[in-house]
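Participant: The file below is structure-v2.txt, compact mmCIF, N, CA and C atoms:
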# COMPACT_ATOMS: atom_id res chain seq x y z
N MET G 1 -30.09 27.18 25.82
CA MET G 1 -28.67 27.36 26.04
C MET G 1 -27.89 26.42 25.12
N GLU G 2 -26.93 26.96 24.44
CA GLU G 2 -26.13 26.21 23.50
C GLU G 2 -24.95 25.55 24.20
N ALA G 3 -24.71 24.28 23.88
CA ALA G 3 -23.56 23.58 24.47
C ALA G 3 -22.28 24.04 23.79
N SER G 4 -21.24 24.22 24.58
CA SER G 4 -19.97 24.63 23.98
C SER G 4 -19.22 23.40 23.49
N ILE G 5 -18.51 23.57 22.40
CA ILE G 5 -17.75 22.48 21.81
C ILE G 5 -16.27 22.77 22.01
N ASP G 6 -15.56 21.78 22.50
CA ASP G 6 -14.11 21.92 22.66
C ASP G 6 -13.46 21.51 21.34
N TRP G 7 -13.29 22.48 20.44
CA TRP G 7 -12.75 22.21 19.11
C TRP G 7 -11.31 21.72 19.16
N SER G 8 -10.60 22.00 20.24
CA SER G 8 -9.21 21.55 20.32
C SER G 8 -9.12 20.03 20.29
N ARG G 9 -10.16 19.36 20.78
CA ARG G 9 -10.15 17.90 20.75
C ARG G 9 -10.22 17.36 19.33
N LEU G 10 -10.89 18.11 18.45
CA LEU G 10 -11.05 17.66 17.08
C LEU G 10 -9.88 18.09 16.19
N THR G 11 -9.18 19.13 16.57
CA THR G 11 -8.08 19.59 15.74
C THR G 11 -6.74 19.02 16.20
N ALA G 12 -6.72 18.44 17.38
CA ALA G 12 -5.48 17.84 17.89
C ALA G 12 -5.24 16.52 17.15
N GLU G 13 -4.02 16.05 17.19
CA GLU G 13 -3.69 14.76 16.59
C GLU G 13 -4.35 13.64 17.37
N LEU G 14 -4.65 12.57 16.67
CA LEU G 14 -5.20 11.38 17.30
C LEU G 14 -4.09 10.72 18.11
N PRO G 15 -4.31 10.50 19.42
CA PRO G 15 -3.27 9.81 20.20
C PRO G 15 -3.12 8.38 19.69
N PRO G 16 -1.90 7.91 19.50
CA PRO G 16 -1.73 6.55 18.98
C PRO G 16 -2.16 5.51 20.01
N PRO G 17 -2.76 4.42 19.54
CA PRO G 17 -3.04 3.32 20.46
C PRO G 17 -1.73 2.79 21.07
N GLU G 18 -1.81 2.29 22.27
CA GLU G 18 -0.63 1.75 22.95
C GLU G 18 -0.45 0.29 22.55
N VAL G 19 0.77 -0.07 22.18
CA VAL G 19 1.10 -1.44 21.80
C VAL G 19 1.97 -2.05 22.89
N THR G 20 1.50 -3.15 23.48
CA THR G 20 2.23 -3.82 24.55
C THR G 20 2.17 -5.33 24.34
N ASP G 21 2.89 -6.03 25.15
CA ASP G 21 2.83 -7.49 25.20
C ASP G 21 2.98 -8.11 23.81
N VAL G 22 4.03 -7.72 23.09
CA VAL G 22 4.29 -8.27 21.75
C VAL G 22 4.98 -9.62 21.92
N GLU G 23 4.45 -10.64 21.27
CA GLU G 23 5.02 -11.98 21.32
C GLU G 23 5.36 -12.42 19.91
N ILE G 24 6.59 -12.90 19.71
CA ILE G 24 7.04 -13.40 18.41
C ILE G 24 7.44 -14.86 18.59
N ASP G 25 6.97 -15.74 17.71
CA ASP G 25 7.31 -17.16 17.84
C ASP G 25 8.78 -17.39 17.55
N ARG G 26 9.26 -18.57 17.89
CA ARG G 26 10.69 -18.88 17.76
C ARG G 26 11.17 -18.82 16.31
N ALA G 27 10.28 -19.11 15.39
CA ALA G 27 10.67 -19.06 13.97
C ALA G 27 10.75 -17.62 13.46
N GLY G 28 10.26 -16.68 14.26
CA GLY G 28 10.32 -15.28 13.86
C GLY G 28 9.32 -14.90 12.80
N ARG G 29 8.25 -15.66 12.69
CA ARG G 29 7.25 -15.41 11.63
C ARG G 29 5.91 -14.94 12.18
N ASP G 30 5.32 -15.69 13.08
CA ASP G 30 4.02 -15.32 13.65
C ASP G 30 4.21 -14.48 14.91
N CYS G 31 3.34 -13.51 15.09
CA CYS G 31 3.43 -12.69 16.29
C CYS G 31 2.05 -12.17 16.67
N ALA G 32 1.95 -11.65 17.87
CA ALA G 32 0.72 -11.07 18.37
C ALA G 32 1.08 -9.84 19.20
N ALA G 33 0.18 -8.86 19.19
CA ALA G 33 0.43 -7.63 19.95
C ALA G 33 -0.88 -7.18 20.58
N LEU G 34 -0.80 -6.74 21.82
CA LEU G 34 -1.96 -6.20 22.51
C LEU G 34 -2.02 -4.70 22.21
N VAL G 35 -3.14 -4.23 21.67
CA VAL G 35 -3.32 -2.83 21.30
C VAL G 35 -4.45 -2.25 22.14
N THR G 36 -4.16 -1.12 22.83
CA THR G 36 -5.14 -0.47 23.70
C THR G 36 -5.43 0.94 23.19
N ASN G 37 -6.70 1.26 23.09
CA ASN G 37 -7.14 2.58 22.62
C ASN G 37 -7.35 3.49 23.83
N HIS G 38 -6.43 4.44 24.05
CA HIS G 38 -6.54 5.37 25.17
C HIS G 38 -7.17 6.70 24.75
N SER G 39 -7.64 6.81 23.51
CA SER G 39 -8.23 8.07 23.06
C SER G 39 -9.66 8.20 23.61
N LEU G 40 -10.26 9.35 23.35
CA LEU G 40 -11.64 9.61 23.80
C LEU G 40 -12.67 9.00 22.86
N TYR G 41 -12.23 8.53 21.70
CA TYR G 41 -13.13 8.03 20.67
C TYR G 41 -12.79 6.60 20.29
N PRO G 42 -13.77 5.88 19.74
CA PRO G 42 -13.42 4.58 19.17
C PRO G 42 -12.55 4.81 17.94
N VAL G 43 -11.73 3.84 17.60
CA VAL G 43 -10.93 3.90 16.38
C VAL G 43 -11.25 2.65 15.56
N ARG G 44 -11.09 2.80 14.25
CA ARG G 44 -11.33 1.64 13.38
C ARG G 44 -10.05 1.29 12.65
N TYR G 45 -9.99 0.04 12.21
CA TYR G 45 -8.86 -0.47 11.44
C TYR G 45 -9.40 -1.49 10.46
N PHE G 46 -8.68 -1.72 9.37
CA PHE G 46 -9.15 -2.59 8.30
C PHE G 46 -8.47 -3.94 8.40
N GLY G 47 -9.22 -5.02 8.23
CA GLY G 47 -8.64 -6.34 8.28
C GLY G 47 -9.64 -7.43 7.98
N TYR G 48 -9.16 -8.68 8.04
CA TYR G 48 -10.00 -9.84 7.75
C TYR G 48 -10.86 -10.26 8.92
N GLY G 49 -10.66 -9.70 10.07
CA GLY G 49 -11.44 -10.00 11.26
C GLY G 49 -10.94 -9.13 12.39
N PRO G 50 -11.64 -9.11 13.51
CA PRO G 50 -11.25 -8.22 14.61
C PRO G 50 -9.82 -8.45 15.13
N GLN G 51 -9.27 -9.64 14.94
CA GLN G 51 -7.91 -9.91 15.41
C GLN G 51 -6.87 -9.91 14.28
N HIS G 52 -7.29 -9.59 13.05
CA HIS G 52 -6.38 -9.69 11.90
C HIS G 52 -6.37 -8.39 11.10
N ILE G 53 -5.56 -7.44 11.55
CA ILE G 53 -5.44 -6.14 10.90
C ILE G 53 -4.58 -6.26 9.63
N PHE G 54 -4.90 -5.46 8.62
CA PHE G 54 -3.99 -5.32 7.48
C PHE G 54 -2.81 -4.51 7.98
N SER G 55 -1.62 -5.05 7.84
CA SER G 55 -0.44 -4.31 8.30
C SER G 55 0.38 -3.84 7.10
N GLN G 56 1.06 -2.74 7.30
CA GLN G 56 2.00 -2.25 6.31
C GLN G 56 3.39 -2.73 6.74
N GLN G 57 4.21 -3.11 5.78
CA GLN G 57 5.54 -3.63 6.10
C GLN G 57 6.61 -2.62 5.72
N GLU G 58 7.64 -2.57 6.55
CA GLU G 58 8.82 -1.77 6.24
C GLU G 58 10.05 -2.63 6.51
N MET G 59 11.05 -2.51 5.66
CA MET G 59 12.30 -3.25 5.88
C MET G 59 13.44 -2.25 6.05
N TRP G 60 14.44 -2.68 6.82
CA TRP G 60 15.59 -1.83 7.10
C TRP G 60 16.55 -1.91 5.92
N SER G 61 16.86 -0.75 5.34
CA SER G 61 17.73 -0.71 4.18
C SER G 61 18.47 0.62 4.17
N ASP G 62 19.77 0.57 4.00
CA ASP G 62 20.59 1.79 3.91
C ASP G 62 20.35 2.72 5.10
N ASP G 63 20.34 2.16 6.30
CA ASP G 63 20.21 2.92 7.54
C ASP G 63 18.88 3.66 7.71
N GLN G 64 17.81 3.13 7.10
CA GLN G 64 16.48 3.71 7.32
C GLN G 64 15.41 2.68 7.00
N TRP G 65 14.21 2.91 7.50
CA TRP G 65 13.07 2.05 7.23
C TRP G 65 12.46 2.45 5.89
N GLU G 66 12.29 1.45 5.02
CA GLU G 66 11.71 1.67 3.69
C GLU G 66 10.42 0.88 3.57
N PRO G 67 9.35 1.51 3.06
CA PRO G 67 8.09 0.77 2.86
C PRO G 67 8.27 -0.35 1.84
N VAL G 68 7.59 -1.45 2.08
CA VAL G 68 7.59 -2.58 1.16
C VAL G 68 6.20 -2.65 0.56
N ARG G 69 6.14 -2.69 -0.75
CA ARG G 69 4.84 -2.76 -1.41
C ARG G 69 4.28 -4.18 -1.26
N VAL G 70 3.11 -4.26 -0.66
CA VAL G 70 2.45 -5.54 -0.46
C VAL G 70 1.04 -5.41 -1.01
N SER G 71 0.62 -6.38 -1.79
CA SER G 71 -0.73 -6.35 -2.35
C SER G 71 -1.62 -7.29 -1.56
N TRP G 72 -2.71 -6.75 -1.04
CA TRP G 72 -3.72 -7.54 -0.36
C TRP G 72 -4.95 -7.55 -1.25
N CYS G 73 -5.58 -8.68 -1.42
CA CYS G 73 -6.75 -8.71 -2.30
C CYS G 73 -7.95 -8.03 -1.63
N GLY G 74 -8.06 -8.14 -0.33
CA GLY G 74 -9.14 -7.46 0.39
C GLY G 74 -10.46 -8.21 0.39
N THR G 75 -10.56 -9.34 -0.28
CA THR G 75 -11.81 -10.09 -0.28
C THR G 75 -12.14 -10.55 1.13
N GLY G 76 -13.31 -10.21 1.60
CA GLY G 76 -13.74 -10.59 2.95
C GLY G 76 -13.27 -9.65 4.04
N ALA G 77 -12.51 -8.63 3.68
CA ALA G 77 -12.02 -7.68 4.68
C ALA G 77 -13.06 -6.61 4.97
N ASP G 78 -12.96 -6.01 6.14
CA ASP G 78 -13.91 -4.98 6.54
C ASP G 78 -13.27 -4.12 7.62
N TRP G 79 -13.96 -3.04 7.99
CA TRP G 79 -13.52 -2.18 9.09
C TRP G 79 -13.94 -2.81 10.41
N HIS G 80 -13.08 -2.71 11.41
CA HIS G 80 -13.35 -3.22 12.75
C HIS G 80 -13.10 -2.09 13.74
N TRP G 81 -13.90 -2.04 14.79
CA TRP G 81 -13.84 -0.94 15.76
C TRP G 81 -13.19 -1.39 17.05
N LEU G 82 -12.36 -0.51 17.59
CA LEU G 82 -11.77 -0.69 18.93
C LEU G 82 -12.30 0.46 19.78
N PRO G 83 -13.26 0.17 20.67
CA PRO G 83 -13.86 1.24 21.49
C PRO G 83 -12.82 1.93 22.38
N ALA G 84 -13.12 3.16 22.74
CA ALA G 84 -12.26 3.92 23.66
C ALA G 84 -12.10 3.15 24.96
N GLY G 85 -10.87 3.06 25.45
CA GLY G 85 -10.59 2.39 26.72
C GLY G 85 -10.50 0.88 26.64
N GLU G 86 -10.65 0.30 25.45
CA GLU G 86 -10.60 -1.16 25.33
C GLU G 86 -9.36 -1.62 24.57
N SER G 87 -9.11 -2.94 24.63
CA SER G 87 -7.92 -3.53 24.01
C SER G 87 -8.32 -4.68 23.10
N VAL G 88 -7.43 -5.00 22.17
CA VAL G 88 -7.61 -6.16 21.30
C VAL G 88 -6.22 -6.78 21.07
N ARG G 89 -6.17 -8.11 21.02
CA ARG G 89 -4.91 -8.79 20.69
C ARG G 89 -4.94 -9.08 19.19
N LEU G 90 -4.01 -8.44 18.47
CA LEU G 90 -3.94 -8.59 17.01
C LEU G 90 -2.92 -9.66 16.64
N GLN G 91 -3.30 -10.52 15.71
CA GLN G 91 -2.42 -11.56 15.20
C GLN G 91 -1.77 -11.03 13.92
N LEU G 92 -0.46 -11.18 13.81
CA LEU G 92 0.29 -10.65 12.67
C LEU G 92 1.24 -11.71 12.15
N GLN G 93 1.75 -11.49 10.95
CA GLN G 93 2.73 -12.41 10.40
C GLN G 93 3.80 -11.62 9.66
N PHE G 94 5.05 -11.90 10.00
CA PHE G 94 6.17 -11.30 9.31
C PHE G 94 6.32 -11.96 7.94
N PRO G 95 6.92 -11.27 6.97
CA PRO G 95 7.16 -11.89 5.66
C PRO G 95 8.18 -13.01 5.77
N LYS G 96 8.24 -13.83 4.74
CA LYS G 96 9.13 -15.00 4.75
C LYS G 96 10.60 -14.63 4.68
N TRP G 97 10.93 -13.48 4.07
CA TRP G 97 12.34 -13.14 3.95
C TRP G 97 12.95 -12.87 5.32
N LYS G 98 14.24 -13.10 5.42
CA LYS G 98 14.97 -12.88 6.67
C LYS G 98 15.40 -11.42 6.74
N GLY G 99 15.75 -11.00 7.92
CA GLY G 99 16.24 -9.64 8.09
C GLY G 99 15.24 -8.78 8.84
N PRO G 100 15.65 -7.57 9.15
CA PRO G 100 14.83 -6.68 9.96
C PRO G 100 13.60 -6.18 9.19
N VAL G 101 12.49 -6.26 9.84
CA VAL G 101 11.24 -5.79 9.25
C VAL G 101 10.33 -5.35 10.39
N ARG G 102 9.48 -4.39 10.11
CA ARG G 102 8.48 -4.02 11.12
C ARG G 102 7.11 -3.93 10.46
N LEU G 103 6.10 -4.19 11.28
CA LEU G 103 4.72 -4.20 10.83
C LEU G 103 3.99 -3.03 11.47
N LEU G 104 3.31 -2.24 10.66
CA LEU G 104 2.60 -1.06 11.15
C LEU G 104 1.10 -1.22 10.90
N GLY G 105 0.33 -0.62 11.78
CA GLY G 105 -1.12 -0.62 11.62
C GLY G 105 -1.64 0.80 11.58
N THR G 106 -2.69 1.02 10.82
CA THR G 106 -3.31 2.33 10.70
C THR G 106 -4.66 2.32 11.42
N PHE G 107 -4.87 3.35 12.24
CA PHE G 107 -6.12 3.49 13.00
C PHE G 107 -6.75 4.83 12.66
N VAL G 108 -8.09 4.87 12.58
CA VAL G 108 -8.82 6.07 12.18
C VAL G 108 -9.95 6.30 13.17
N ASP G 109 -10.10 7.56 13.62
CA ASP G 109 -11.20 7.86 14.55
C ASP G 109 -12.42 8.36 13.77
N PRO G 110 -13.57 8.60 14.44
CA PRO G 110 -14.77 9.04 13.73
C PRO G 110 -14.62 10.40 13.03
N HIS G 111 -13.60 11.16 13.37
CA HIS G 111 -13.37 12.47 12.74
C HIS G 111 -12.36 12.37 11.60
N GLU G 112 -12.06 11.12 11.19
CA GLU G 112 -11.15 10.83 10.07
C GLU G 112 -9.69 11.21 10.36
N ARG G 113 -9.34 11.36 11.64
CA ARG G 113 -7.94 11.55 11.99
C ARG G 113 -7.29 10.18 11.97
N ARG G 114 -6.12 10.08 11.37
CA ARG G 114 -5.41 8.81 11.21
C ARG G 114 -4.10 8.82 11.98
N VAL G 115 -3.73 7.66 12.45
CA VAL G 115 -2.43 7.50 13.09
C VAL G 115 -1.92 6.10 12.73
N GLN G 116 -0.61 6.02 12.50
CA GLN G 116 0.01 4.74 12.20
C GLN G 116 0.99 4.41 13.32
N VAL G 117 0.94 3.16 13.78
CA VAL G 117 1.82 2.73 14.88
C VAL G 117 2.53 1.44 14.50
N VAL G 118 3.74 1.28 15.06
CA VAL G 118 4.48 0.04 14.89
C VAL G 118 3.86 -1.00 15.81
N LEU G 119 3.41 -2.10 15.23
CA LEU G 119 2.77 -3.17 16.01
C LEU G 119 3.79 -4.23 16.44
N ALA G 120 4.77 -4.49 15.60
CA ALA G 120 5.80 -5.49 15.92
C ALA G 120 7.02 -5.22 15.05
N GLU G 121 8.17 -5.60 15.57
CA GLU G 121 9.42 -5.38 14.83
C GLU G 121 10.33 -6.58 15.00
N ARG G 122 10.82 -7.10 13.89
CA ARG G 122 11.85 -8.14 13.94
C ARG G 122 13.17 -7.38 13.92
N PRO G 123 13.96 -7.52 14.96
CA PRO G 123 15.12 -6.64 15.16
C PRO G 123 16.20 -6.76 14.10
N ARG G 124 16.95 -5.66 14.01
CA ARG G 124 18.13 -5.63 13.12
C ARG G 124 19.25 -6.39 13.80
N GLU G 125 20.13 -6.96 12.99
CA GLU G 125 21.31 -7.65 13.51
C GLU G 125 22.27 -6.63 14.09
N PRO G 126 22.94 -6.94 15.22
CA PRO G 126 23.90 -5.98 15.81
C PRO G 126 25.11 -5.79 14.92
Can you turn what I pasted into structure tokens?
Facilitator:
Amino acid sequence: MEASIDWSRLTAELPPPEVTDVEIDRAGRDCAALVTNHSLYPVRYFGYGPQHIFSQQEMWSDDQWEPVRVSWCGTGADWHWLPAGESVRLQLQFPKWKGPVRLLGTFVDPHERRVQVVLAERPREP
């Protein structure tokens, strides 16, 4: 008897990990975010260690978020896995410049589905 495969699980979008408990230091530079994987599969992310994800930066400009080109050398970096149903506290750092910026992380499941989520945001001025 052949097992049936639920192909809808593989063709659906990867549910984004949940980001909670974001803490930003008083200087507005260092921060941490708790990330929980609620998907059915483990997800991987690239970084210097299990708590240090490579983040993409965006800055607020002309009423929209614009990507900021950042070069990471990648020496010593590797893929890290977040199993289904588990959490990790990621350490992040905002750039030195002042103003609104947000940090995004990219997560990939075993089927190569990718999702990007905002991990932390330094707010815009009112």
Participant: I need the strand (DSSP E or B) residues of segment 16-126 of chain G per DSSP on the backbone, written as a PyMOL selection string.
Facilitator: chain G and resi 18-24+30-36+43-49+52-53+56-61+64-68+78-82+87-93+101-108+114-122
Participant: Find the spatial neighbours of Gly49 of chain G, counting only C-alpha atoms, within a cut-off of 10 Å - ignore same-chain residues fewer than 4 positions away - and output them as number ranges by chain.
Facilitator: G: 45, 53-54, 76-80, 90-91
Participant: For the atom pair atom N of Pro15 of chain G and atom CA of Leu82 of chain G, what is the interatomic distance in Å to one decimal place?
Facilitator: 13.5 Å
Participant: To test your reading of the structure, identify every residue in chain G that backbone DSSP assigns to alpha helix (DSSP H), and report it as an mmCIF file with N, CA and C atoms, in the coordinates of the input.
Facilitator:
data_model
loop_
_atom_site.group_PDB
_atom_site.id
_atom_site.type_symbol
_atom_site.label_atom_id
_atom_site.label_comp_id
_atom_site.auth_asym_id
_atom_site.auth_seq_id
_atom_site.Cartn_x
_atom_site.Cartn_y
_atom_site.Cartn_z
ATOM 1 N N SER G 8 -10.600 22.000 20.240
ATOM 2 C CA SER G 8 -9.210 21.550 20.320
ATOM 3 C C SER G 8 -9.120 20.030 20.290
ATOM 4 N N ARG G 9 -10.160 19.360 20.780
ATOM 5 C CA ARG G 9 -10.150 17.900 20.750
ATOM 6 C C ARG G 9 -10.220 17.360 19.330
ATOM 7 N N LEU G 10 -10.890 18.110 18.450
ATOM 8 C CA LEU G 10 -11.050 17.660 17.080
ATOM 9 C C LEU G 10 -9.880 18.090 16.190
ATOM 10 N N THR G 11 -9.180 19.130 16.570
ATOM 11 C CA THR G 11 -8.080 19.590 15.740
ATOM 12 C C THR G 11 -6.740 19.020 16.200
#
Participant: How many Å separate atom C of Ala27 of chain G from atom CA of Val88 of chain G?
Facilitator: 23.0 Å
Participant: Would you work out the distance separating atom CA of Cys31 of chain G from atom CA of Leu119 of chain G, expressed in Å to one decimal?
Facilitator: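 A separation of 9.5 Å between them.
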Participant: Residues at most 9 Å from His52 of chain G, counting only C-alpha atoms, excluding those fewer than 4 positions away in the same chain, as a count of residues only?
Facilitator: 7
Participant: Go through G:Val35, G:Val101, G:Leu14, G:Met59 one by one, measure the shortest atom-to-atom distance of each to Glu121 of chain G using only N, CA and C atoms, and give the residue with the smallest value.
Facilitator: G:Val101
Participant: Using only N, CA and C atoms, which of G:Cys73, G:Leu103, G:Val108, G:Val22 sits nearest Pro42 of chain G?
Facilitator: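 Of the candidates, the smallest distance to Pro42 of chain G is held by G:Val108.
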Participant: Pick out the closest residue to Pro100 of chain G from this set: G:Asp25, G:Asp30, G:Asp63, G:Glu58. Count only N, CA and C atoms.
Facilitator: G:Glu58
Participant: Which protein, DNA or RNA residues have an atom at most 7 Å from (-3.7, 5.8, 13.8), counting only C-alpha atoms? List them as JSON, numbers by chain.
Facilitator: {"G": [14, 16, 106, 107, 108, 114, 115, 116, 117]}
Participant: I need the residue nearest Trp81 of chain G from this list: G:His111, G:Gln57, G:Phe94, G:Val43. Use only N, CA and C atoms for the distance.
Facilitator: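 With only N, CA and C atoms as the atom set, the closest residue is G:Val43.
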